[in-house]
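Structure file coords_12.cif (mmCIF, C-alpha atoms and all ligand atoms) is printed below.
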```
data_coords
#
loop_
_atom_site.label_atom_id
_atom_site.label_comp_id
_atom_site.auth_asym_id
_atom_site.auth_seq_id
_atom_site.Cartn_x
_atom_site.Cartn_y
_atom_site.Cartn_z
CA MET A 1 75.31 45.57 205.32
CA ALA A 2 73.70 47.75 202.69
CA PHE A 3 73.95 46.82 199.01
CA GLY A 4 72.54 48.15 195.77
CA THR A 5 69.86 46.41 193.75
CA GLU A 6 68.18 47.44 190.48
CA THR A 7 65.36 49.09 192.50
CA VAL A 8 66.80 50.75 195.62
CA TYR A 9 69.62 50.04 198.09
CA GLY A 10 68.67 47.36 200.60
CA LEU A 11 69.89 46.83 204.17
CA GLY A 12 70.70 43.12 204.22
CA ALA A 13 71.07 40.55 206.98
CA ASP A 14 71.19 36.75 207.22
CA ALA A 15 67.47 35.92 207.08
CA CYS A 16 67.96 32.74 209.10
CA ASN A 17 69.58 34.62 212.00
CA GLY A 18 66.90 36.30 214.11
CA GLU A 19 69.30 38.64 215.89
CA ALA A 20 70.81 39.78 212.60
CA VAL A 21 67.28 40.49 211.32
CA ALA A 22 66.44 42.37 214.53
CA GLY A 23 69.53 44.46 213.82
CA ILE A 24 67.86 45.69 210.62
CA TYR A 25 64.89 47.08 212.54
CA GLN A 26 67.28 48.56 215.10
CA ALA A 27 69.33 50.37 212.44
CA LYS A 28 66.22 51.64 210.63
CA GLY A 29 64.64 52.78 213.88
CA ARG A 30 61.40 51.06 212.90
CA PRO A 31 58.74 51.46 215.60
CA SER A 32 56.98 48.30 214.44
CA PHE A 33 57.82 45.08 212.58
CA ASN A 34 56.86 45.12 208.92
CA PRO A 35 57.47 41.93 206.98
CA LEU A 36 60.71 42.00 204.96
CA ILE A 37 61.62 40.62 201.54
CA CYS A 38 64.03 37.68 201.25
CA HIS A 39 66.57 38.02 198.46
CA PHE A 40 68.10 35.06 196.63
CA SER A 41 70.66 34.51 193.87
CA ALA A 42 68.33 32.19 191.92
CA ALA A 43 64.70 31.03 191.73
CA GLU A 44 65.62 27.39 192.53
CA LEU A 45 67.07 28.57 195.83
CA ALA A 46 64.10 30.85 196.64
CA PHE A 47 61.64 28.03 195.98
CA ARG A 48 63.28 25.86 198.64
CA TYR A 49 62.04 28.29 201.31
CA VAL A 50 58.46 28.78 200.03
CA ASP A 51 55.87 26.59 198.30
CA PRO A 52 55.73 27.93 194.74
CA THR A 53 52.53 27.77 192.69
CA ASP A 54 52.44 27.27 188.89
CA MET A 55 51.91 31.03 188.55
CA ALA A 56 54.96 31.69 190.70
CA GLU A 57 57.12 29.40 188.55
CA LEU A 58 55.85 31.10 185.42
CA LEU A 59 56.43 34.64 186.68
CA ALA A 60 59.86 33.76 188.07
CA ALA A 61 60.92 32.33 184.71
CA LYS A 62 59.72 35.48 182.96
CA PHE A 63 60.68 38.31 185.37
CA TRP A 64 63.56 37.08 187.58
CA PRO A 65 66.15 38.39 188.04
CA GLY A 66 64.12 41.59 188.24
CA PRO A 67 61.96 43.97 190.30
CA LEU A 68 59.20 41.52 191.20
CA THR A 69 58.52 40.15 194.70
CA LEU A 70 56.28 37.11 195.18
CA VAL A 71 54.46 36.40 198.45
CA LEU A 72 54.06 32.64 198.95
CA PRO A 73 53.41 30.23 201.84
CA ARG A 74 56.52 29.40 203.90
CA ALA A 75 57.79 25.91 203.17
CA GLU A 76 57.26 23.50 206.04
CA ASP A 77 60.99 23.24 206.79
CA CYS A 78 61.67 26.94 206.09
CA ALA A 79 64.70 28.02 208.14
CA VAL A 80 64.05 31.76 207.74
CA SER A 81 63.49 33.58 211.05
CA ARG A 82 59.81 34.26 211.81
CA LEU A 83 60.78 37.88 212.41
CA VAL A 84 61.39 38.29 208.65
CA GLY A 85 57.71 37.64 207.89
CA ALA A 86 56.63 39.46 211.07
CA GLY A 87 54.97 36.23 212.14
CA LEU A 88 52.95 35.74 208.93
CA PRO A 89 52.63 32.24 207.44
CA THR A 90 53.92 33.66 204.15
CA LEU A 91 57.28 34.88 202.92
CA ALA A 92 58.09 37.51 200.27
CA VAL A 93 60.87 36.36 197.92
CA ARG A 94 62.73 37.94 195.04
CA VAL A 95 65.81 37.58 192.84
CA PRO A 96 67.16 41.08 192.14
CA GLY A 97 68.31 42.07 188.65
CA HIS A 98 71.65 43.56 189.61
CA ALA A 99 75.01 41.91 188.90
CA LEU A 100 76.73 42.97 192.12
CA ALA A 101 73.73 42.07 194.29
CA LEU A 102 73.57 38.65 192.64
CA ALA A 103 77.30 38.12 193.21
CA LEU A 104 76.87 39.02 196.88
CA LEU A 105 73.87 36.71 197.27
CA GLU A 106 75.64 33.89 195.50
CA ALA A 107 78.74 34.27 197.66
CA PHE A 108 76.55 34.26 200.78
CA GLY A 109 74.59 31.28 199.55
CA GLY A 110 71.43 31.73 201.66
CA PRO A 111 68.43 34.03 201.98
CA VAL A 112 69.15 37.72 202.73
CA ALA A 113 66.39 39.78 204.32
CA ALA A 114 66.55 43.37 203.12
CA PRO A 115 64.20 46.32 203.40
CA SER A 116 65.16 49.60 201.77
CA ALA A 117 68.32 51.02 203.39
CA ASN A 118 66.82 54.14 204.94
CA ARG A 119 65.70 55.32 208.37
CA SER A 120 62.07 54.55 209.04
CA GLY A 121 59.82 57.15 207.43
CA HIS A 122 62.55 58.51 205.13
CA ILE A 123 62.61 58.02 201.38
CA SER A 124 64.27 55.04 199.77
CA PRO A 125 67.94 55.40 198.78
CA THR A 126 68.98 55.03 195.16
CA LYS A 127 72.67 55.83 195.58
CA LEU A 128 75.46 55.33 198.09
CA GLU A 129 75.29 58.91 199.43
CA HIS A 130 71.61 58.46 200.39
CA VAL A 131 72.47 55.38 202.43
CA LEU A 132 75.32 57.13 204.23
CA GLU A 133 73.21 60.22 204.99
CA ASP A 134 70.65 58.05 206.74
CA LEU A 135 72.59 55.13 208.19
CA ASP A 136 76.27 56.00 208.52
CA GLY A 137 77.45 54.77 211.92
CA ARG A 138 74.40 52.52 212.33
CA ILE A 139 75.35 49.72 209.91
CA GLY A 140 78.37 47.53 209.24
CA ALA A 141 79.10 48.39 205.63
CA VAL A 142 77.77 49.60 202.30
CA LEU A 143 78.65 47.89 199.05
CA GLU A 144 79.36 50.61 196.48
CA SER A 145 76.92 49.61 193.75
CA GLY A 146 76.38 52.74 191.66
CA VAL A 147 73.00 54.33 191.03
CA CYS A 148 69.96 52.02 191.15
CA PRO A 149 68.62 51.94 187.58
CA VAL A 150 64.92 51.28 188.38
CA GLY A 151 64.70 53.67 191.32
CA VAL A 152 61.37 52.47 192.70
CA GLU A 153 60.85 49.39 194.83
CA SER A 154 59.85 46.01 193.43
CA THR A 155 56.26 45.13 192.60
CA VAL A 156 54.84 42.97 195.42
CA LEU A 157 52.39 40.30 194.26
CA ASP A 158 50.63 38.02 196.73
CA LEU A 159 50.20 34.52 195.27
CA SER A 160 49.34 32.81 198.55
CA GLY A 161 45.56 33.02 198.11
CA SER A 162 43.09 31.83 195.49
CA THR A 163 43.57 34.92 193.31
CA PRO A 164 46.72 36.99 192.77
CA VAL A 165 46.67 40.32 194.64
CA LEU A 166 48.85 43.35 193.94
CA LEU A 167 50.13 44.54 197.34
CA ARG A 168 52.52 47.20 196.05
CA PRO A 169 52.93 48.62 192.55
CA GLY A 170 56.59 48.77 191.58
CA GLY A 171 59.28 48.07 189.02
CA VAL A 172 57.28 45.54 186.95
CA SER A 173 53.99 46.91 185.61
CA VAL A 174 50.77 45.16 186.53
CA GLU A 175 49.89 45.06 182.81
CA ASP A 176 53.02 43.05 182.08
CA LEU A 177 52.14 40.65 184.88
CA GLU A 178 48.54 40.28 183.69
CA ALA A 179 49.78 39.47 180.19
CA GLU A 180 51.31 36.34 181.72
CA ILE A 181 48.78 35.23 184.33
CA GLY A 182 45.48 37.05 183.65
CA PRO A 183 43.55 39.38 185.96
CA ILE A 184 45.22 40.61 189.16
CA GLN A 185 43.23 42.07 192.02
CA ARG A 186 44.39 45.55 192.99
CA GLY A 187 45.03 45.19 196.68
CA ALA A 188 46.62 48.54 197.26
CA THR A 189 47.08 51.97 195.81
CA PRO A 190 50.26 53.80 196.81
CA GLY A 191 49.92 55.15 200.31
CA ALA A 192 46.82 53.10 201.09
CA ALA A 193 46.53 51.13 204.31
CA LEU A 194 47.37 47.88 202.58
CA ALA A 195 50.82 49.17 201.73
CA SER A 196 51.65 48.42 205.35
CA PRO A 197 50.59 44.85 206.08
CA GLY A 198 52.02 45.39 209.55
CA LEU A 199 48.79 47.20 210.27
CA LEU A 200 46.41 44.73 208.63
CA ALA A 201 43.79 42.85 210.61
CA SER A 202 44.90 39.66 208.85
CA HIS A 203 48.33 40.12 210.34
CA TYR A 204 49.41 37.24 212.49
CA ALA A 205 47.83 37.24 215.91
CA PRO A 206 48.00 34.24 218.22
CA GLY A 207 44.81 32.28 218.88
CA LEU A 208 45.33 32.66 222.63
CA PRO A 209 44.45 35.94 224.36
CA VAL A 210 47.52 38.01 225.24
CA ARG A 211 47.93 39.91 228.55
CA LEU A 212 50.65 42.56 228.72
CA ASN A 213 52.87 43.77 231.57
CA ALA A 214 52.07 40.71 233.66
CA GLU A 215 53.36 40.79 237.23
CA HIS A 216 51.91 37.38 238.13
CA ILE A 217 50.67 34.24 236.37
CA GLU A 218 47.00 33.30 236.28
CA GLU A 219 45.63 29.76 236.14
CA GLY A 220 46.25 28.17 232.74
CA GLU A 221 48.41 30.99 231.39
CA ALA A 222 51.66 30.43 229.55
CA LEU A 223 54.39 33.03 229.95
CA LEU A 224 56.37 35.00 227.41
CA ALA A 225 59.35 35.67 229.65
CA PHE A 226 61.76 38.61 229.58
CA GLY A 227 64.41 38.10 232.23
CA ALA A 228 63.84 35.78 235.18
CA PRO A 229 60.47 34.06 234.57
CA LEU A 230 57.60 34.97 236.93
CA ALA A 231 57.05 32.55 239.79
CA GLY A 232 54.45 29.89 239.03
CA ALA A 233 54.94 29.88 235.26
CA ARG A 234 54.81 26.21 234.26
CA THR A 235 54.97 26.80 230.50
CA TYR A 236 57.12 29.61 229.27
CA PHE A 237 59.09 30.80 226.28
CA GLN A 238 62.15 32.90 227.08
CA LEU A 239 62.48 36.02 224.87
CA SER A 240 65.77 37.04 226.46
CA SER A 241 67.09 35.91 229.81
CA ARG A 242 69.64 38.76 229.76
CA ARG A 243 66.85 41.27 229.06
CA ASP A 244 68.26 42.29 225.68
CA VAL A 245 65.59 43.83 223.42
CA ILE A 246 67.44 42.84 220.23
CA GLU A 247 67.51 39.20 221.27
CA ALA A 248 63.87 39.47 222.39
CA ALA A 249 62.82 40.91 219.03
CA ALA A 250 64.57 38.04 217.28
CA ASN A 251 62.58 35.52 219.34
CA LEU A 252 59.19 37.27 219.56
CA PHE A 253 57.22 35.62 216.74
CA GLU A 254 58.84 32.24 217.35
CA GLY A 255 57.65 32.48 220.95
CA LEU A 256 54.07 33.43 220.05
CA HIS A 257 53.92 30.57 217.54
CA GLU A 258 55.38 28.04 219.92
CA LEU A 259 53.04 28.88 222.82
CA ASP A 260 50.06 28.96 220.47
CA ALA A 261 50.98 25.54 219.10
CA LYS A 262 50.93 24.13 222.65
CA ALA A 263 47.56 25.70 223.51
CA GLU A 264 45.42 22.65 222.88
CA THR A 265 47.63 19.86 224.23
CA LEU A 266 48.40 21.79 227.43
CA GLY A 267 44.93 23.34 227.79
CA LEU A 268 46.36 26.87 227.91
CA SER A 269 43.98 29.80 228.53
CA GLY A 270 46.20 32.69 227.49
CA ILE A 271 49.67 34.20 227.17
CA ALA A 272 50.99 36.54 229.86
CA VAL A 273 53.87 38.79 228.82
CA GLN A 274 56.42 40.20 231.24
CA PRO A 275 57.02 43.97 230.98
CA ILE A 276 59.42 44.98 228.20
CA PRO A 277 61.06 48.42 228.35
CA GLU A 278 60.00 51.02 225.76
CA LEU A 279 63.61 51.43 224.66
CA GLY A 280 65.18 50.68 221.28
CA LEU A 281 63.48 47.65 219.75
CA GLY A 282 61.33 47.41 222.88
CA LEU A 283 59.06 49.94 221.19
CA ALA A 284 58.53 47.68 218.19
CA ILE A 285 58.07 44.61 220.37
CA ASN A 286 55.43 46.36 222.49
CA ASP A 287 53.72 47.74 219.38
CA ARG A 288 53.35 44.20 218.04
CA LEU A 289 52.25 42.79 221.39
CA LYS A 290 49.65 45.56 221.85
CA ARG A 291 48.14 44.56 218.49
CA ALA A 292 48.18 40.92 219.55
CA ALA A 293 46.48 41.86 222.82
CA ALA A 294 43.86 44.18 221.27
CA PRO A 295 40.23 42.99 221.34
CA ARG A 296 39.47 40.75 218.35
CA GLY A 297 36.90 41.86 215.77
O1 LIG B 301 62.74 46.76 195.69
C1 LIG B 301 62.55 46.28 196.80
O2 LIG B 301 61.65 45.47 197.02
C2 LIG B 301 63.53 46.70 197.92
C3 LIG B 301 64.89 46.14 197.58
C4 LIG B 301 65.90 46.37 198.70
O3 LIG B 301 64.79 44.76 197.30
N1 LIG B 301 63.07 46.23 199.20
C5 LIG B 301 61.98 46.78 199.82
O4 LIG B 301 61.72 46.23 201.05
O5 LIG B 301 61.31 47.66 199.34
P1 LIG B 301 60.72 46.93 202.10
O6 LIG B 301 60.90 46.18 203.39
O7 LIG B 301 60.92 48.37 202.14
O8 LIG B 301 59.31 46.56 201.54
C6 LIG B 301 58.81 45.25 201.61
C7 LIG B 301 57.39 45.21 201.14
C8 LIG B 301 56.48 45.88 202.13
O9 LIG B 301 55.44 46.56 201.48
C9 LIG B 301 55.99 44.69 202.91
O10 LIG B 301 54.82 44.97 203.58
C10 LIG B 301 55.84 43.65 201.81
O11 LIG B 301 56.96 43.86 201.01
N2 LIG B 301 55.90 42.27 202.34
C11 LIG B 301 56.98 41.59 202.78
N3 LIG B 301 56.66 40.36 203.21
C12 LIG B 301 55.33 40.24 203.04
C13 LIG B 301 54.40 39.19 203.32
N4 LIG B 301 54.77 38.02 203.85
N5 LIG B 301 53.10 39.43 203.03
C14 LIG B 301 52.73 40.62 202.49
N6 LIG B 301 53.56 41.63 202.21
C15 LIG B 301 54.84 41.45 202.49
MG MG B 302 60.96 50.83 202.37
#
```
Entire entry expressed as structure tokens:
Amino acid sequence: MAFGTETVYGLGADACNGEAVAGIYQAKGRPSFNPLICHFSAAELAFRYVDPTDMAELLAAKFWPGPLTLVLPRAEDCAVSRLVGAGLPTLAVRVPGHALALALLEAFGGPVAAPSANRSGHISPTKLEHVLEDLDGRIGAVLESGVCPVGVESTVLDLSGSTPVLLRPGGVSVEDLEAEIGPIQRGATPGAALASPGLLASHYAPGLPVRLNAEHIEEGEALLAFGAPLAGARTYFQLSSRRDVIEAAANLFEGLHELDAKAETLGLSGIAVQPIPELGLGLAINDRLKRAAAPRG
């Protein structure tokens, strides 16, 4: 369901439910998986799902609730679907400064993944009518939340590395952030390549080579199955036995992680992927898999 925040309307789903998260991409018509922000009702709750640094604690105390998103390492026992972070080892978290959004998040009690509530490639919605123009008939509900007072998306700050990096300028100025924590590296200017980490080289790719549209299994290969697994596959991860692209999208990154984690103990040589139709979320799944299969630099 869509709901207003102080920045823009978001399209929210239970972040721990992979199929619900896949439904977000489906509704937005996103041709690829970009990592999504997890929304929480309070910092204490957010910091159960990521490992906060001292800087994160300080900025949260100063700017939350508010238009600031912090990228931090996933906590070891993080229950958020891997699809939310598009397979990255980090998670973007924020506590929105909007009374109704906070009430919704508190009533729900867990993390809510929410990108802006617009069709892919369209501009972000700042009022109910914008959401309906773009998504009416494609989503469950919209919470009437008035006009978003900030009107631009949250500032995204990556605190997962040795120095803080600005990934997206937004509702909190970089000057205000630097007044609290010192110099911040400018990672992105609006519209620059870094604004879409989905396209970054550092984006999660499995250690094992990936082979697409596999019709047979080669020696040592594990299988990412879609439908009945190929004959001879000894190790496989099932994306969707009923060949449902939404279910497969929900399981994609979990599957890549799981097979990768088994590489050493099982002496795996690669991951073969069964053909996935270029329909609906199949497009986004294949986009991600093509990147994973591309020659490494
Ligand atoms: O104001 C906002 O942030 C709105 C409202 C709904 O909260 N949400 C929003 O979400 O703008 P979205 O999906 O349109 O943008 C999320 C941004 C993207 O630039 C994405 O690449 C970045 O956050 N992001 C999310 N997770 C990340 C991660 N683990 N590492 C790096 N960047 C991440
Ligand atoms: Mg957006």
Taking only C-alpha atoms into account, name the residue in A:Ile123, A:Val131, A:Leu283, A:Ile276 that is nearest to Ser240 of chain A.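 Smallest distance to Ser240 of chain A is found for A:Ile276.
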Give me the residues within 9 Å of Gly280 of chain A as a PDB file with C-alpha atoms, in the frame of the given file, counting only C-alpha atoms and dropping any in the same chain fewer than 3 places off.
```
ATOM      1  CA  GLN A  26      67.280  48.560 215.100  1.00  0.00           C
ATOM      2  CA  GLY A  29      64.640  52.780 213.880  1.00  0.00           C
ATOM      3  CA  PRO A  31      58.740  51.460 215.600  1.00  0.00           C
ATOM      4  CA  VAL A 245      65.590  43.830 223.420  1.00  0.00           C
ATOM      5  CA  ILE A 246      67.440  42.840 220.230  1.00  0.00           C
ATOM      6  CA  PRO A 277      61.060  48.420 228.350  1.00  0.00           C
ATOM      7  CA  LEU A 283      59.060  49.940 221.190  1.00  0.00           C
ATOM      8  CA  ALA A 284      58.530  47.680 218.190  1.00  0.00           C
TER       9      ALA A 284
END
```
For Val80 of chain A: contacts at 10 Å, all atoms listed in the file, fewer than 6 positions along chain excluded, given as number ranges by chain: A: 14-18, 21, 38, 49-50, 74, 91, 110-113
If you count all atoms listed in the file, which residues end up within 7 Å of ligand MG 302 (chain B), as a PDB file with C-alpha atoms, in the coordinates of the input?
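Produced file part.pdb, reproduced below:
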```pdb
ATOM      1  CA  PRO A 115      64.200  46.320 203.400  1.00  0.00           C
ATOM      2  CA  SER A 116      65.160  49.600 201.770  1.00  0.00           C
ATOM      3  CA  SER A 124      64.270  55.040 199.770  1.00  0.00           C
TER       4      SER A 124
END
```
Enumerate as number ranges by chain the residues within 6 Å of ligand LIG 301 (chain B), counting all atoms listed in the file. A: 7-10, 34-37, 71, 85, 88, 90-92, 114-116, 153-154, 195-197
Can you find the residues with an atom no farther than 12 Å from (55.9, 30.3, 187.4), counting all atoms listed in the file, and report them as a ChimeraX atom specification? /A:43-44,47,51-64,70,72,159,177,180-181
Atom CA of Ala292 of chain A and atom CA of Val210 of chain A, how far apart in Å? 6.4 Å
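Restricting the calculation to all atoms listed in the file, the smallest distance between Ala263 of chain A and any of A:Leu223, A:Ala27, A:Leu157, A:Val150 is found for A:Leu223.
With only C-alpha atoms as the atoms that count, the minimum distance from Asp260 of chain A to the choices A:Gly232, A:Gly220, A:Pro169, A:Pro209 is reached by A:Pro209.
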Rounded to one decimal, what separation in Å do you get between atom CA of Met1 of chain A and atom CA of Ser173 of chain A? 29.1 Å
Quick one: everything within 6 Å of segment 132-149 of chain A, counting all atoms listed in the file, minus sequence neighbours fewer than 2 positions away in the same chain. Send it as a VMD selection string. chain A and resid 1 to 4 6 to 8 27 118 to 119 126 to 127 129 to 130 151
Just the number, please: distance in Å from atom CA of Pro206 of chain A to atom CA of Leu166 of chain A, one decimal. 25.9 Å
Which residue of A:Ala99, A:Val174, A:Leu83, A:Ala46 approaches Ala20 of chain A most closely, using only C-alpha atoms: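 Closest residue, counting only C-alpha atoms: A:Leu83.
Each of A:Phe33, A:Asp287, A:His216, A:Ser81 was checked against His257 of chain A using all atoms listed in the file; the smallest atom-to-atom distance is that of A:Ser81.
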For Asn286 of chain A, please output as a list in words all residues within 9 Å (counting all atoms listed in the file; exclusion window: fewer than 4 positions along the same chain).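 Those residues are Ser32, Leu212, Pro275, Ile276, Pro277, Glu278, Leu281, Gly282, Lys290 and Arg291 of chain A.
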Selection: 8 Å around Leu259 of chain A, only C-alpha atoms, excl. self and same-chain fewer than 6 positions, as a VMD selection string: chain A and resid 222 236 to 237 271
Name the residues, using the chain letters and numbers of the file, that sit within 9 Å of (70.5, 35.6, 221.8) when counting all atoms listed in the file, and give them as an NGL selection string. :A and (18-19 or 239-242 or 244 or 246-248 or 250-251)
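With distances restricted to all atoms listed in the file, A:Thr235 is the closest residue to Thr265 of chain A from A:Ile24, A:Val93, A:Thr235, A:Arg288.
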